[in-house]
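Data file: start20.pdb. Format and content: PDB, C-alpha atoms, pLDDT in the B column.
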MODEL        1
ATOM      1  CA  ASN A 737       0.000   0.000   0.000  1.00 75.00           C
ATOM      2  CA  ALA A 738       1.853   3.083  -1.266  1.00 84.00           C
ATOM      3  CA  GLY A 739      -0.739   5.574   0.037  1.00 95.00           C
ATOM      4  CA  VAL A 740      -0.406   8.921  -1.756  1.00 98.00           C
ATOM      5  CA  THR A 741       2.462   9.362  -4.195  1.00 98.00           C
ATOM      6  CA  GLN A 742       3.577  12.468  -6.068  1.00 98.00           C
ATOM      7  CA  THR A 743       5.810  12.990  -9.075  1.00 98.00           C
ATOM      8  CA  PRO A 744       8.169  14.661  -9.563  1.00 97.00           C
ATOM      9  CA  LYS A 745       9.842  15.278  -6.194  1.00 97.00           C
ATOM     10  CA  PHE A 746      11.757  18.350  -7.365  1.00 97.00           C
ATOM     11  CA  ARG A 747      11.489  20.631 -10.385  1.00 97.00           C
ATOM     12  CA  VAL A 748      13.021  23.889 -11.523  1.00 98.00           C
ATOM     13  CA  LEU A 749      11.142  25.899 -14.135  1.00 97.00           C
ATOM     14  CA  LYS A 750      11.811  29.116 -15.928  1.00 98.00           C
ATOM     15  CA  THR A 751       9.168  31.849 -15.913  1.00 98.00           C
ATOM     16  CA  GLY A 752       6.549  31.112 -18.544  1.00 97.00           C
ATOM     17  CA  GLN A 753       7.186  27.380 -18.778  1.00 98.00           C
ATOM     18  CA  SER A 754       4.444  24.869 -18.100  1.00 97.00           C
ATOM     19  CA  MET A 755       4.362  21.634 -16.173  1.00 96.00           C
ATOM     20  CA  THR A 756       2.040  19.045 -14.664  1.00 98.00           C
ATOM     21  CA  LEU A 757       2.302  17.535 -11.196  1.00 98.00           C
ATOM     22  CA  LEU A 758       0.882  14.052 -10.793  1.00 98.00           C
ATOM     23  CA  CYS A 759      -0.757  12.674  -7.670  1.00 98.00           C
ATOM     24  CA  ALA A 760      -1.839   9.071  -7.296  1.00 98.00           C
ATOM     25  CA  GLN A 761      -3.565   7.287  -4.404  1.00 98.00           C
ATOM     26  CA  ASP A 762      -4.293   3.604  -3.872  1.00 96.00           C
ATOM     27  CA  MET A 763      -6.714   3.895  -0.926  1.00 94.00           C
ATOM     28  CA  ASN A 764      -9.874   4.145  -3.051  1.00 93.00           C
ATOM     29  CA  HIS A 765     -10.503   7.636  -1.679  1.00 94.00           C
ATOM     30  CA  GLU A 766     -13.242   9.670  -3.266  1.00 93.00           C
ATOM     31  CA  TYR A 767     -11.875  13.134  -2.447  1.00 94.00           C
ATOM     32  CA  MET A 768      -8.517  14.570  -3.472  1.00 96.00           C
ATOM     33  CA  TYR A 769      -6.843  17.919  -2.802  1.00 96.00           C
ATOM     34  CA  TRP A 770      -3.892  20.046  -3.902  1.00 98.00           C
ATOM     35  CA  TYR A 771      -2.217  22.376  -1.400  1.00 98.00           C
ATOM     36  CA  ARG A 772       0.751  24.678  -1.465  1.00 98.00           C
ATOM     37  CA  GLN A 773       2.910  25.314   1.592  1.00 97.00           C
ATOM     38  CA  ASP A 774       4.908  28.504   1.984  1.00 96.00           C
ATOM     39  CA  PRO A 775       6.945  29.678   4.996  1.00 90.00           C
ATOM     40  CA  GLY A 776       4.771  31.420   7.567  1.00 86.00           C
ATOM     41  CA  MET A 777       1.560  30.820   5.612  1.00 88.00           C
ATOM     42  CA  GLY A 778       0.641  27.258   6.366  1.00 88.00           C
ATOM     43  CA  LEU A 779      -1.033  24.907   3.941  1.00 95.00           C
ATOM     44  CA  ARG A 780      -3.414  26.585   1.508  1.00 96.00           C
ATOM     45  CA  LEU A 781      -5.908  24.743  -0.659  1.00 95.00           C
ATOM     46  CA  ILE A 782      -5.489  25.293  -4.399  1.00 97.00           C
ATOM     47  CA  HIS A 783      -8.117  22.986  -5.945  1.00 96.00           C
ATOM     48  CA  TYR A 784      -9.962  19.899  -4.857  1.00 95.00           C
ATOM     49  CA  SER A 785     -12.097  17.118  -6.269  1.00 95.00           C
ATOM     50  CA  VAL A 786     -15.016  15.253  -4.724  1.00 92.00           C
ATOM     51  CA  GLY A 787     -15.060  12.528  -7.340  1.00 93.00           C
ATOM     52  CA  GLU A 788     -13.899  11.354 -10.724  1.00 95.00           C
ATOM     53  CA  GLY A 789     -14.588  14.006 -13.352  1.00 95.00           C
ATOM     54  CA  THR A 790     -15.250  16.784 -10.826  1.00 94.00           C
ATOM     55  CA  THR A 791     -13.034  19.650  -9.673  1.00 96.00           C
ATOM     56  CA  ALA A 792     -13.547  22.835  -7.665  1.00 94.00           C
ATOM     57  CA  LYS A 793     -11.558  25.910  -6.671  1.00 94.00           C
ATOM     58  CA  GLY A 794      -9.963  26.270  -3.280  1.00 93.00           C
ATOM     59  CA  GLU A 795      -8.490  29.276  -1.544  1.00 91.00           C
ATOM     60  CA  VAL A 796      -5.686  30.102  -4.038  1.00 96.00           C
ATOM     61  CA  PRO A 797      -6.651  28.721  -7.484  1.00 97.00           C
ATOM     62  CA  ASP A 798      -5.298  31.447  -9.781  1.00 97.00           C
ATOM     63  CA  GLY A 799      -2.597  30.265 -12.182  1.00 97.00           C
ATOM     64  CA  TYR A 800      -3.410  26.567 -11.706  1.00 98.00           C
ATOM     65  CA  ASN A 801      -5.658  24.046 -13.405  1.00 97.00           C
ATOM     66  CA  VAL A 802      -6.557  20.507 -12.371  1.00 98.00           C
ATOM     67  CA  SER A 803      -8.072  17.369 -13.815  1.00 98.00           C
ATOM     68  CA  ARG A 804      -9.432  14.159 -12.296  1.00 97.00           C
ATOM     69  CA  LEU A 805      -9.962  11.772 -15.183  1.00 95.00           C
ATOM     70  CA  LYS A 806      -9.473   8.680 -13.036  1.00 96.00           C
ATOM     71  CA  LYS A 807     -10.494   8.203  -9.413  1.00 96.00           C
ATOM     72  CA  GLN A 808      -6.968   7.400  -8.309  1.00 97.00           C
ATOM     73  CA  ASN A 809      -5.218  10.315 -10.046  1.00 98.00           C
ATOM     74  CA  PHE A 810      -5.341  14.078  -9.584  1.00 98.00           C
ATOM     75  CA  LEU A 811      -3.245  16.318 -11.842  1.00 98.00           C
ATOM     76  CA  LEU A 812      -2.176  19.890 -11.107  1.00 98.00           C
ATOM     77  CA  GLY A 813      -1.105  22.019 -14.060  1.00 98.00           C
ATOM     78  CA  LEU A 814       0.781  25.280 -14.277  1.00 97.00           C
ATOM     79  CA  GLU A 815       0.248  26.753 -17.742  1.00 93.00           C
ATOM     80  CA  SER A 816       2.676  29.668 -17.444  1.00 97.00           C
ATOM     81  CA  ALA A 817       4.805  29.458 -14.325  1.00 97.00           C
ATOM     82  CA  ALA A 818       5.595  32.576 -12.308  1.00 98.00           C
ATOM     83  CA  PRO A 819       8.164  33.102  -9.508  1.00 97.00           C
ATOM     84  CA  SER A 820       5.238  33.511  -7.075  1.00 97.00           C
ATOM     85  CA  GLN A 821       4.442  29.838  -7.682  1.00 98.00           C
ATOM     86  CA  THR A 822       7.724  28.762  -6.097  1.00 98.00           C
ATOM     87  CA  SER A 823       6.515  26.572  -3.267  1.00 98.00           C
ATOM     88  CA  VAL A 824       6.154  23.044  -1.943  1.00 98.00           C
ATOM     89  CA  TYR A 825       3.056  21.333  -3.334  1.00 98.00           C
ATOM     90  CA  PHE A 826       1.223  18.607  -1.464  1.00 98.00           C
ATOM     91  CA  CYS A 827      -1.499  16.315  -2.648  1.00 98.00           C
ATOM     92  CA  ALA A 828      -3.909  14.719  -0.184  1.00 97.00           C
ATOM     93  CA  SER A 829      -6.854  12.359  -0.303  1.00 96.00           C
ATOM     94  CA  SER A 830      -9.713  11.314   1.948  1.00 93.00           C
ATOM     95  CA  TYR A 831     -12.894   9.269   2.017  1.00 87.00           C
ATOM     96  CA  GLY A 832     -16.008  11.013   0.827  1.00 80.00           C
ATOM     97  CA  ARG A 833     -19.051  12.013   2.830  1.00 74.00           C
ATOM     98  CA  GLY A 834     -20.499   9.085   4.712  1.00 70.00           C
ATOM     99  CA  GLN A 835     -17.830   6.709   3.466  1.00 67.00           C
ATOM    100  CA  GLY A 836     -15.595   6.566   6.480  1.00 69.00           C
ATOM    101  CA  SER A 837     -13.181   8.602   8.534  1.00 76.00           C
ATOM    102  CA  VAL A 838     -12.601  12.078   7.131  1.00 83.00           C
ATOM    103  CA  GLU A 839      -8.949  12.720   7.822  1.00 91.00           C
ATOM    104  CA  GLN A 840      -6.784  13.596   4.845  1.00 94.00           C
ATOM    105  CA  TYR A 841      -3.653  11.645   3.957  1.00 96.00           C
ATOM    106  CA  PHE A 842      -0.793  13.516   2.355  1.00 98.00           C
ATOM    107  CA  GLY A 843       1.826  12.715  -0.229  1.00 98.00           C
ATOM    108  CA  PRO A 844       5.541  13.474   0.196  1.00 98.00           C
ATOM    109  CA  GLY A 845       5.408  16.770  -1.707  1.00 98.00           C
ATOM    110  CA  THR A 846       6.915  18.365  -4.804  1.00 98.00           C
ATOM    111  CA  ARG A 847       9.397  21.189  -4.344  1.00 98.00           C
ATOM    112  CA  LEU A 848       9.017  23.610  -7.257  1.00 98.00           C
ATOM    113  CA  THR A 849      11.289  26.550  -7.981  1.00 98.00           C
ATOM    114  CA  VAL A 850      10.429  29.068 -10.687  1.00 98.00           C
ATOM    115  CA  THR A 851      13.298  31.320 -11.757  1.00 97.00           C
TER     116      THR A 851
ATOM    117  CA  GLU B1423     -14.128  33.955   8.620  1.00 77.00           C
ATOM    118  CA  ASP B1424     -12.821  30.593   9.781  1.00 83.00           C
ATOM    119  CA  GLN B1425      -9.430  30.856  11.410  1.00 90.00           C
ATOM    120  CA  VAL B1426      -6.858  28.651  13.135  1.00 95.00           C
ATOM    121  CA  THR B1427      -4.045  30.076  15.283  1.00 97.00           C
ATOM    122  CA  GLN B1428      -1.264  27.983  16.747  1.00 98.00           C
ATOM    123  CA  SER B1429       1.086  28.932  19.558  1.00 97.00           C
ATOM    124  CA  PRO B1430       3.902  29.094  20.225  1.00 98.00           C
ATOM    125  CA  GLU B1431       5.476  29.339  16.779  1.00 97.00           C
ATOM    126  CA  ALA B1432       8.510  27.470  18.063  1.00 98.00           C
ATOM    127  CA  LEU B1433       9.268  25.535  21.233  1.00 98.00           C
ATOM    128  CA  ARG B1434      12.533  24.105  22.461  1.00 98.00           C
ATOM    129  CA  LEU B1435      12.418  21.447  25.183  1.00 98.00           C
ATOM    130  CA  GLN B1436      14.923  19.306  26.965  1.00 98.00           C
ATOM    131  CA  GLU B1437      14.380  15.581  26.711  1.00 98.00           C
ATOM    132  CA  GLY B1438      11.851  14.607  29.365  1.00 97.00           C
ATOM    133  CA  GLU B1439      10.494  18.140  29.813  1.00 98.00           C
ATOM    134  CA  SER B1440       6.712  17.960  29.292  1.00 98.00           C
ATOM    135  CA  SER B1441       4.797  20.817  27.660  1.00 98.00           C
ATOM    136  CA  SER B1442       1.719  21.688  25.600  1.00 98.00           C
ATOM    137  CA  LEU B1443       1.039  23.180  22.193  1.00 98.00           C
ATOM    138  CA  ASN B1444      -2.044  25.320  21.626  1.00 98.00           C
ATOM    139  CA  CYS B1445      -4.470  25.536  18.710  1.00 98.00           C
ATOM    140  CA  SER B1446      -7.189  28.208  18.907  1.00 98.00           C
ATOM    141  CA  TYR B1447      -9.940  28.140  16.317  1.00 95.00           C
ATOM    142  CA  THR B1448     -12.886  30.154  15.086  1.00 92.00           C
ATOM    143  CA  VAL B1449     -15.386  28.327  12.903  1.00 86.00           C
ATOM    144  CA  SER B1450     -19.104  28.558  12.283  1.00 83.00           C
ATOM    145  CA  GLY B1451     -19.600  24.968  13.392  1.00 82.00           C
ATOM    146  CA  LEU B1452     -16.819  22.521  14.116  1.00 84.00           C
ATOM    147  CA  ARG B1453     -16.953  19.206  12.288  1.00 86.00           C
ATOM    148  CA  GLY B1454     -13.587  17.961  13.389  1.00 91.00           C
ATOM    149  CA  LEU B1455     -10.225  19.211  14.606  1.00 95.00           C
ATOM    150  CA  PHE B1456      -7.152  17.443  13.280  1.00 96.00           C
ATOM    151  CA  TRP B1457      -3.558  17.221  14.449  1.00 98.00           C
ATOM    152  CA  TYR B1458      -0.735  16.377  12.059  1.00 98.00           C
ATOM    153  CA  ARG B1459       2.997  15.925  12.462  1.00 98.00           C
ATOM    154  CA  GLN B1460       5.325  17.114   9.708  1.00 98.00           C
ATOM    155  CA  ASP B1461       9.008  16.188   9.507  1.00 98.00           C
ATOM    156  CA  PRO B1462      11.385  18.337   7.405  1.00 96.00           C
ATOM    157  CA  GLY B1463      11.033  17.636   3.698  1.00 95.00           C
ATOM    158  CA  LYS B1464       8.026  15.342   4.161  1.00 97.00           C
ATOM    159  CA  GLY B1465       4.268  15.533   3.962  1.00 97.00           C
ATOM    160  CA  PRO B1466       2.042  15.938   7.038  1.00 98.00           C
ATOM    161  CA  GLU B1467       1.325  12.713   8.889  1.00 97.00           C
ATOM    162  CA  PHE B1468      -2.092  12.299  10.498  1.00 97.00           C
ATOM    163  CA  LEU B1469      -2.148  11.994  14.296  1.00 97.00           C
ATOM    164  CA  PHE B1470      -5.623  12.621  15.761  1.00 95.00           C
ATOM    165  CA  THR B1471      -9.167  13.723  15.049  1.00 95.00           C
ATOM    166  CA  LEU B1472     -11.302  15.314  17.786  1.00 95.00           C
ATOM    167  CA  TYR B1473     -14.981  16.085  17.315  1.00 91.00           C
ATOM    168  CA  SER B1474     -16.502  17.406  20.518  1.00 92.00           C
ATOM    169  CA  ALA B1475     -15.517  19.403  23.597  1.00 94.00           C
ATOM    170  CA  GLY B1476     -14.107  17.174  26.301  1.00 96.00           C
ATOM    171  CA  GLU B1477     -12.845  14.554  23.904  1.00 96.00           C
ATOM    172  CA  GLU B1478      -9.267  13.267  24.343  1.00 97.00           C
ATOM    173  CA  LYS B1479      -7.065  11.056  22.186  1.00 97.00           C
ATOM    174  CA  GLU B1480      -3.682   9.552  23.065  1.00 97.00           C
ATOM    175  CA  LYS B1481      -0.798   8.073  21.133  1.00 95.00           C
ATOM    176  CA  GLU B1482       2.458   7.210  22.873  1.00 96.00           C
ATOM    177  CA  ARG B1483       3.724  10.451  24.458  1.00 97.00           C
ATOM    178  CA  LEU B1484       1.084  12.631  22.801  1.00 98.00           C
ATOM    179  CA  LYS B1485      -2.367  13.499  24.093  1.00 98.00           C
ATOM    180  CA  ALA B1486      -4.784  15.806  22.299  1.00 98.00           C
ATOM    181  CA  THR B1487      -7.672  17.535  24.069  1.00 98.00           C
ATOM    182  CA  LEU B1488     -10.495  19.752  22.812  1.00 97.00           C
ATOM    183  CA  THR B1489     -12.584  22.584  24.253  1.00 95.00           C
ATOM    184  CA  LYS B1490     -15.135  24.778  22.489  1.00 92.00           C
ATOM    185  CA  LYS B1491     -12.469  27.299  21.480  1.00 94.00           C
ATOM    186  CA  GLU B1492      -9.131  25.495  21.459  1.00 97.00           C
ATOM    187  CA  SER B1493      -7.224  22.270  21.413  1.00 98.00           C
ATOM    188  CA  PHE B1494      -4.048  21.307  23.210  1.00 98.00           C
ATOM    189  CA  LEU B1495      -1.426  18.787  22.203  1.00 98.00           C
ATOM    190  CA  HIS B1496       0.268  17.635  25.392  1.00 98.00           C
ATOM    191  CA  ILE B1497       3.699  16.063  25.058  1.00 98.00           C
ATOM    192  CA  THR B1498       4.776  14.014  28.056  1.00 98.00           C
ATOM    193  CA  ALA B1499       8.462  13.278  28.622  1.00 98.00           C
ATOM    194  CA  PRO B1500       9.400  14.061  25.007  1.00 98.00           C
ATOM    195  CA  LYS B1501      12.283  12.421  23.196  1.00 98.00           C
ATOM    196  CA  PRO B1502      14.452  13.890  20.419  1.00 98.00           C
ATOM    197  CA  GLU B1503      12.494  11.868  17.859  1.00 97.00           C
ATOM    198  CA  ASP B1504       9.404  13.922  18.743  1.00 98.00           C
ATOM    199  CA  SER B1505      11.062  16.928  17.104  1.00 98.00           C
ATOM    200  CA  ALA B1506       8.878  18.050  14.199  1.00 98.00           C
ATOM    201  CA  THR B1507       6.372  20.688  13.172  1.00 98.00           C
ATOM    202  CA  TYR B1508       2.906  20.010  14.581  1.00 98.00           C
ATOM    203  CA  LEU B1509      -0.011  21.266  12.509  1.00 98.00           C
ATOM    204  CA  CYS B1510      -3.584  21.823  13.599  1.00 97.00           C
ATOM    205  CA  ALA B1511      -6.520  21.999  11.174  1.00 96.00           C
ATOM    206  CA  VAL B1512     -10.297  22.352  11.402  1.00 93.00           C
ATOM    207  CA  ARG B1513     -13.103  21.166   9.177  1.00 87.00           C
ATOM    208  CA  ASP B1514     -16.076  23.478   9.338  1.00 72.00           C
ATOM    209  CA  TYR B1515     -19.770  22.835   9.163  1.00 67.00           C
ATOM    210  CA  GLY B1516     -20.253  24.647   5.879  1.00 63.00           C
ATOM    211  CA  GLY B1517     -19.509  21.963   3.318  1.00 59.00           C
ATOM    212  CA  ALA B1518     -19.467  18.265   2.644  1.00 63.00           C
ATOM    213  CA  THR B1519     -16.081  18.388   0.989  1.00 71.00           C
ATOM    214  CA  ASN B1520     -13.844  17.643   4.001  1.00 76.00           C
ATOM    215  CA  LYS B1521     -11.951  20.861   3.300  1.00 85.00           C
ATOM    216  CA  LEU B1522      -9.516  21.752   6.064  1.00 91.00           C
ATOM    217  CA  ILE B1523      -8.227  25.092   7.329  1.00 92.00           C
ATOM    218  CA  PHE B1524      -4.699  24.820   8.665  1.00 95.00           C
ATOM    219  CA  GLY B1525      -2.756  26.789  11.216  1.00 96.00           C
ATOM    220  CA  THR B1526       0.857  27.717  10.546  1.00 96.00           C
ATOM    221  CA  GLY B1527       2.209  25.112  12.948  1.00 97.00           C
ATOM    222  CA  THR B1528       4.453  24.851  15.993  1.00 98.00           C
ATOM    223  CA  LEU B1529       8.066  23.852  15.401  1.00 97.00           C
ATOM    224  CA  LEU B1530       9.120  21.594  18.268  1.00 98.00           C
ATOM    225  CA  ALA B1531      12.779  20.850  18.983  1.00 98.00           C
ATOM    226  CA  VAL B1532      13.622  18.342  21.723  1.00 98.00           C
ATOM    227  CA  GLN B1533      17.230  18.364  22.788  1.00 97.00           C
ATOM    228  CA  PRO B1534      18.936  15.310  24.338  1.00 96.00           C
TER     229      PRO B1534
ENDMDL
END

So, in terms of C-alpha coordinates, how does the structure I just supplied come out?
Amino acid sequence: NAGVTQTPKFRVLKTGQSMTLLCAQDMNHEYMYWYRQDPGMGLRLIHYSVGEGTTAKGEVPDGYNVSRLKKQNFLLGLESAAPSQTSVYFCASSYGRGQGSVEQYFGPGTRLTVT
Amino acid sequence: EDQVTQSPEALRLQEGESSSLNCSYTVSGLRGLFWYRQDPGKGPEFLFTLYSAGEEKEKERLKATLTKKESFLHITAPKPEDSATYLCAVRDYGGATNKLIFGTGTLLAVQP
(Lines of atoms letter the chains of each structure in order from A and count residues from 1; the text may use other names and numbers.)
(Lines give C-alpha, C1' and ligand atoms only; values in the text may rest on other atoms or scores of the structure.)
Protein backbone atom coordinates (compact mmCIF):
# COMPACT_ATOMS: atom_id res chain seq x y z
CA ASN A 1 0.00 0.00 0.00
CA ALA A 2 1.85 3.08 -1.27
CA GLY A 3 -0.74 5.57 0.04
CA VAL A 4 -0.41 8.92 -1.76
CA THR A 5 2.46 9.36 -4.19
CA GLN A 6 3.58 12.47 -6.07
CA THR A 7 5.81 12.99 -9.07
CA PRO A 8 8.17 14.66 -9.56
CA LYS A 9 9.84 15.28 -6.19
CA PHE A 10 11.76 18.35 -7.36
CA ARG A 11 11.49 20.63 -10.38
CA VAL A 12 13.02 23.89 -11.52
CA LEU A 13 11.14 25.90 -14.13
CA LYS A 14 11.81 29.12 -15.93
CA THR A 15 9.17 31.85 -15.91
CA GLY A 16 6.55 31.11 -18.54
CA GLN A 17 7.19 27.38 -18.78
CA SER A 18 4.44 24.87 -18.10
CA MET A 19 4.36 21.63 -16.17
CA THR A 20 2.04 19.05 -14.66
CA LEU A 21 2.30 17.54 -11.20
CA LEU A 22 0.88 14.05 -10.79
CA CYS A 23 -0.76 12.67 -7.67
CA ALA A 24 -1.84 9.07 -7.30
CA GLN A 25 -3.56 7.29 -4.40
CA ASP A 26 -4.29 3.60 -3.87
CA MET A 27 -6.71 3.89 -0.93
CA ASN A 28 -9.87 4.15 -3.05
CA HIS A 29 -10.50 7.64 -1.68
CA GLU A 30 -13.24 9.67 -3.27
CA TYR A 31 -11.87 13.13 -2.45
CA MET A 32 -8.52 14.57 -3.47
CA TYR A 33 -6.84 17.92 -2.80
CA TRP A 34 -3.89 20.05 -3.90
CA TYR A 35 -2.22 22.38 -1.40
CA ARG A 36 0.75 24.68 -1.46
CA GLN A 37 2.91 25.31 1.59
CA ASP A 38 4.91 28.50 1.98
CA PRO A 39 6.94 29.68 5.00
CA GLY A 40 4.77 31.42 7.57
CA MET A 41 1.56 30.82 5.61
CA GLY A 42 0.64 27.26 6.37
CA LEU A 43 -1.03 24.91 3.94
CA ARG A 44 -3.41 26.59 1.51
CA LEU A 45 -5.91 24.74 -0.66
CA ILE A 46 -5.49 25.29 -4.40
CA HIS A 47 -8.12 22.99 -5.94
CA TYR A 48 -9.96 19.90 -4.86
CA SER A 49 -12.10 17.12 -6.27
CA VAL A 50 -15.02 15.25 -4.72
CA GLY A 51 -15.06 12.53 -7.34
CA GLU A 52 -13.90 11.35 -10.72
CA GLY A 53 -14.59 14.01 -13.35
CA THR A 54 -15.25 16.78 -10.83
CA THR A 55 -13.03 19.65 -9.67
CA ALA A 56 -13.55 22.84 -7.66
CA LYS A 57 -11.56 25.91 -6.67
CA GLY A 58 -9.96 26.27 -3.28
CA GLU A 59 -8.49 29.28 -1.54
CA VAL A 60 -5.69 30.10 -4.04
CA PRO A 61 -6.65 28.72 -7.48
CA ASP A 62 -5.30 31.45 -9.78
CA GLY A 63 -2.60 30.26 -12.18
CA TYR A 64 -3.41 26.57 -11.71
CA ASN A 65 -5.66 24.05 -13.40
CA VAL A 66 -6.56 20.51 -12.37
CA SER A 67 -8.07 17.37 -13.82
CA ARG A 68 -9.43 14.16 -12.30
CA LEU A 69 -9.96 11.77 -15.18
CA LYS A 70 -9.47 8.68 -13.04
CA LYS A 71 -10.49 8.20 -9.41
CA GLN A 72 -6.97 7.40 -8.31
CA ASN A 73 -5.22 10.32 -10.05
CA PHE A 74 -5.34 14.08 -9.58
CA LEU A 75 -3.24 16.32 -11.84
CA LEU A 76 -2.18 19.89 -11.11
CA GLY A 77 -1.11 22.02 -14.06
CA LEU A 78 0.78 25.28 -14.28
CA GLU A 79 0.25 26.75 -17.74
CA SER A 80 2.68 29.67 -17.44
CA ALA A 81 4.80 29.46 -14.33
CA ALA A 82 5.59 32.58 -12.31
CA PRO A 83 8.16 33.10 -9.51
CA SER A 84 5.24 33.51 -7.07
CA GLN A 85 4.44 29.84 -7.68
CA THR A 86 7.72 28.76 -6.10
CA SER A 87 6.52 26.57 -3.27
CA VAL A 88 6.15 23.04 -1.94
CA TYR A 89 3.06 21.33 -3.33
CA PHE A 90 1.22 18.61 -1.46
CA CYS A 91 -1.50 16.31 -2.65
CA ALA A 92 -3.91 14.72 -0.18
CA SER A 93 -6.85 12.36 -0.30
CA SER A 94 -9.71 11.31 1.95
CA TYR A 95 -12.89 9.27 2.02
CA GLY A 96 -16.01 11.01 0.83
CA ARG A 97 -19.05 12.01 2.83
CA GLY A 98 -20.50 9.09 4.71
CA GLN A 99 -17.83 6.71 3.47
CA GLY A 100 -15.60 6.57 6.48
CA SER A 101 -13.18 8.60 8.53
CA VAL A 102 -12.60 12.08 7.13
CA GLU A 103 -8.95 12.72 7.82
CA GLN A 104 -6.78 13.60 4.84
CA TYR A 105 -3.65 11.64 3.96
CA PHE A 106 -0.79 13.52 2.36
CA GLY A 107 1.83 12.72 -0.23
CA PRO A 108 5.54 13.47 0.20
CA GLY A 109 5.41 16.77 -1.71
CA THR A 110 6.91 18.36 -4.80
CA ARG A 111 9.40 21.19 -4.34
CA LEU A 112 9.02 23.61 -7.26
CA THR A 113 11.29 26.55 -7.98
CA VAL A 114 10.43 29.07 -10.69
CA THR A 115 13.30 31.32 -11.76
CA GLU B 1 -14.13 33.96 8.62
CA ASP B 2 -12.82 30.59 9.78
CA GLN B 3 -9.43 30.86 11.41
CA VAL B 4 -6.86 28.65 13.13
CA THR B 5 -4.04 30.08 15.28
CA GLN B 6 -1.26 27.98 16.75
CA SER B 7 1.09 28.93 19.56
CA PRO B 8 3.90 29.09 20.22
CA GLU B 9 5.48 29.34 16.78
CA ALA B 10 8.51 27.47 18.06
CA LEU B 11 9.27 25.54 21.23
CA ARG B 12 12.53 24.11 22.46
CA LEU B 13 12.42 21.45 25.18
CA GLN B 14 14.92 19.31 26.97
CA GLU B 15 14.38 15.58 26.71
CA GLY B 16 11.85 14.61 29.37
CA GLU B 17 10.49 18.14 29.81
CA SER B 18 6.71 17.96 29.29
CA SER B 19 4.80 20.82 27.66
CA SER B 20 1.72 21.69 25.60
CA LEU B 21 1.04 23.18 22.19
CA ASN B 22 -2.04 25.32 21.63
CA CYS B 23 -4.47 25.54 18.71
CA SER B 24 -7.19 28.21 18.91
CA TYR B 25 -9.94 28.14 16.32
CA THR B 26 -12.89 30.15 15.09
CA VAL B 27 -15.39 28.33 12.90
CA SER B 28 -19.10 28.56 12.28
CA GLY B 29 -19.60 24.97 13.39
CA LEU B 30 -16.82 22.52 14.12
CA ARG B 31 -16.95 19.21 12.29
CA GLY B 32 -13.59 17.96 13.39
CA LEU B 33 -10.23 19.21 14.61
CA PHE B 34 -7.15 17.44 13.28
CA TRP B 35 -3.56 17.22 14.45
CA TYR B 36 -0.74 16.38 12.06
CA ARG B 37 3.00 15.93 12.46
CA GLN B 38 5.32 17.11 9.71
CA ASP B 39 9.01 16.19 9.51
CA PRO B 40 11.39 18.34 7.40
CA GLY B 41 11.03 17.64 3.70
CA LYS B 42 8.03 15.34 4.16
CA GLY B 43 4.27 15.53 3.96
CA PRO B 44 2.04 15.94 7.04
CA GLU B 45 1.33 12.71 8.89
CA PHE B 46 -2.09 12.30 10.50
CA LEU B 47 -2.15 11.99 14.30
CA PHE B 48 -5.62 12.62 15.76
CA THR B 49 -9.17 13.72 15.05
CA LEU B 50 -11.30 15.31 17.79
CA TYR B 51 -14.98 16.09 17.32
CA SER B 52 -16.50 17.41 20.52
CA ALA B 53 -15.52 19.40 23.60
CA GLY B 54 -14.11 17.17 26.30
CA GLU B 55 -12.85 14.55 23.90
CA GLU B 56 -9.27 13.27 24.34
CA LYS B 57 -7.07 11.06 22.19
CA GLU B 58 -3.68 9.55 23.06
CA LYS B 59 -0.80 8.07 21.13
CA GLU B 60 2.46 7.21 22.87
CA ARG B 61 3.72 10.45 24.46
CA LEU B 62 1.08 12.63 22.80
CA LYS B 63 -2.37 13.50 24.09
CA ALA B 64 -4.78 15.81 22.30
CA THR B 65 -7.67 17.54 24.07
CA LEU B 66 -10.50 19.75 22.81
CA THR B 67 -12.58 22.58 24.25
CA LYS B 68 -15.13 24.78 22.49
CA LYS B 69 -12.47 27.30 21.48
CA GLU B 70 -9.13 25.50 21.46
CA SER B 71 -7.22 22.27 21.41
CA PHE B 72 -4.05 21.31 23.21
CA LEU B 73 -1.43 18.79 22.20
CA HIS B 74 0.27 17.63 25.39
CA ILE B 75 3.70 16.06 25.06
CA THR B 76 4.78 14.01 28.06
CA ALA B 77 8.46 13.28 28.62
CA PRO B 78 9.40 14.06 25.01
CA LYS B 79 12.28 12.42 23.20
CA PRO B 80 14.45 13.89 20.42
CA GLU B 81 12.49 11.87 17.86
CA ASP B 82 9.40 13.92 18.74
CA SER B 83 11.06 16.93 17.10
CA ALA B 84 8.88 18.05 14.20
CA THR B 85 6.37 20.69 13.17
CA TYR B 86 2.91 20.01 14.58
CA LEU B 87 -0.01 21.27 12.51
CA CYS B 88 -3.58 21.82 13.60
CA ALA B 89 -6.52 22.00 11.17
CA VAL B 90 -10.30 22.35 11.40
CA ARG B 91 -13.10 21.17 9.18
CA ASP B 92 -16.08 23.48 9.34
CA TYR B 93 -19.77 22.84 9.16
CA GLY B 94 -20.25 24.65 5.88
CA GLY B 95 -19.51 21.96 3.32
CA ALA B 96 -19.47 18.27 2.64
CA THR B 97 -16.08 18.39 0.99
CA ASN B 98 -13.84 17.64 4.00
CA LYS B 99 -11.95 20.86 3.30
CA LEU B 100 -9.52 21.75 6.06
CA ILE B 101 -8.23 25.09 7.33
CA PHE B 102 -4.70 24.82 8.66
CA GLY B 103 -2.76 26.79 11.22
CA THR B 104 0.86 27.72 10.55
CA GLY B 105 2.21 25.11 12.95
CA THR B 106 4.45 24.85 15.99
CA LEU B 107 8.07 23.85 15.40
CA LEU B 108 9.12 21.59 18.27
CA ALA B 109 12.78 20.85 18.98
CA VAL B 110 13.62 18.34 21.72
CA GLN B 111 17.23 18.36 22.79
CA PRO B 112 18.94 15.31 24.34

Residues within 10 Å of Thr791 in chain A, only C-alpha atoms, excluding chain neighbours under 4 positions, as a list in words: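 The residues that qualify are Tyr767, Met768, Tyr769, His783, Tyr784, Ser785, Val786, Gly787, Asn801, Val802, Ser803, Arg804 and Phe810 of chain A.
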
Distance filter 9 Å, only C-alpha atoms, chain B against chain A, as number ranges by chain: B: 1454, 1456, 1463-1468, 1470-1471, 1509, 1518-1527

The PyMOL selection byres ((chain A and resi 756) around 10) applied to the shown file, residues as a PyMOL selection string: chain A and resi 743-744+754-755+757-759+800-802+811-815

Spatial neighbours of Ser1441 in chain B, max dist 10 Å, only C-alpha atoms, sep filter under 3 positions, as a count of residues only: 11

Selection near Gln1436 in chain B, 10 Å with only C-alpha atoms, sequence-local residues under 4 positions removed, as a PyMOL selection string: chain B and resi 1440+1499-1502+1531-1534

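Here CA of Ala1506 in chain B is placed at a distance of 20.8 Å from CA of Glu1492 in chain B.
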
Atomic separation - CA of Leu749 in chain A relative to CA of Arg772 in chain A, Å: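 One can read the CA of Arg772 in chain A to CA of Leu749 in chain A distance as 16.4 Å.
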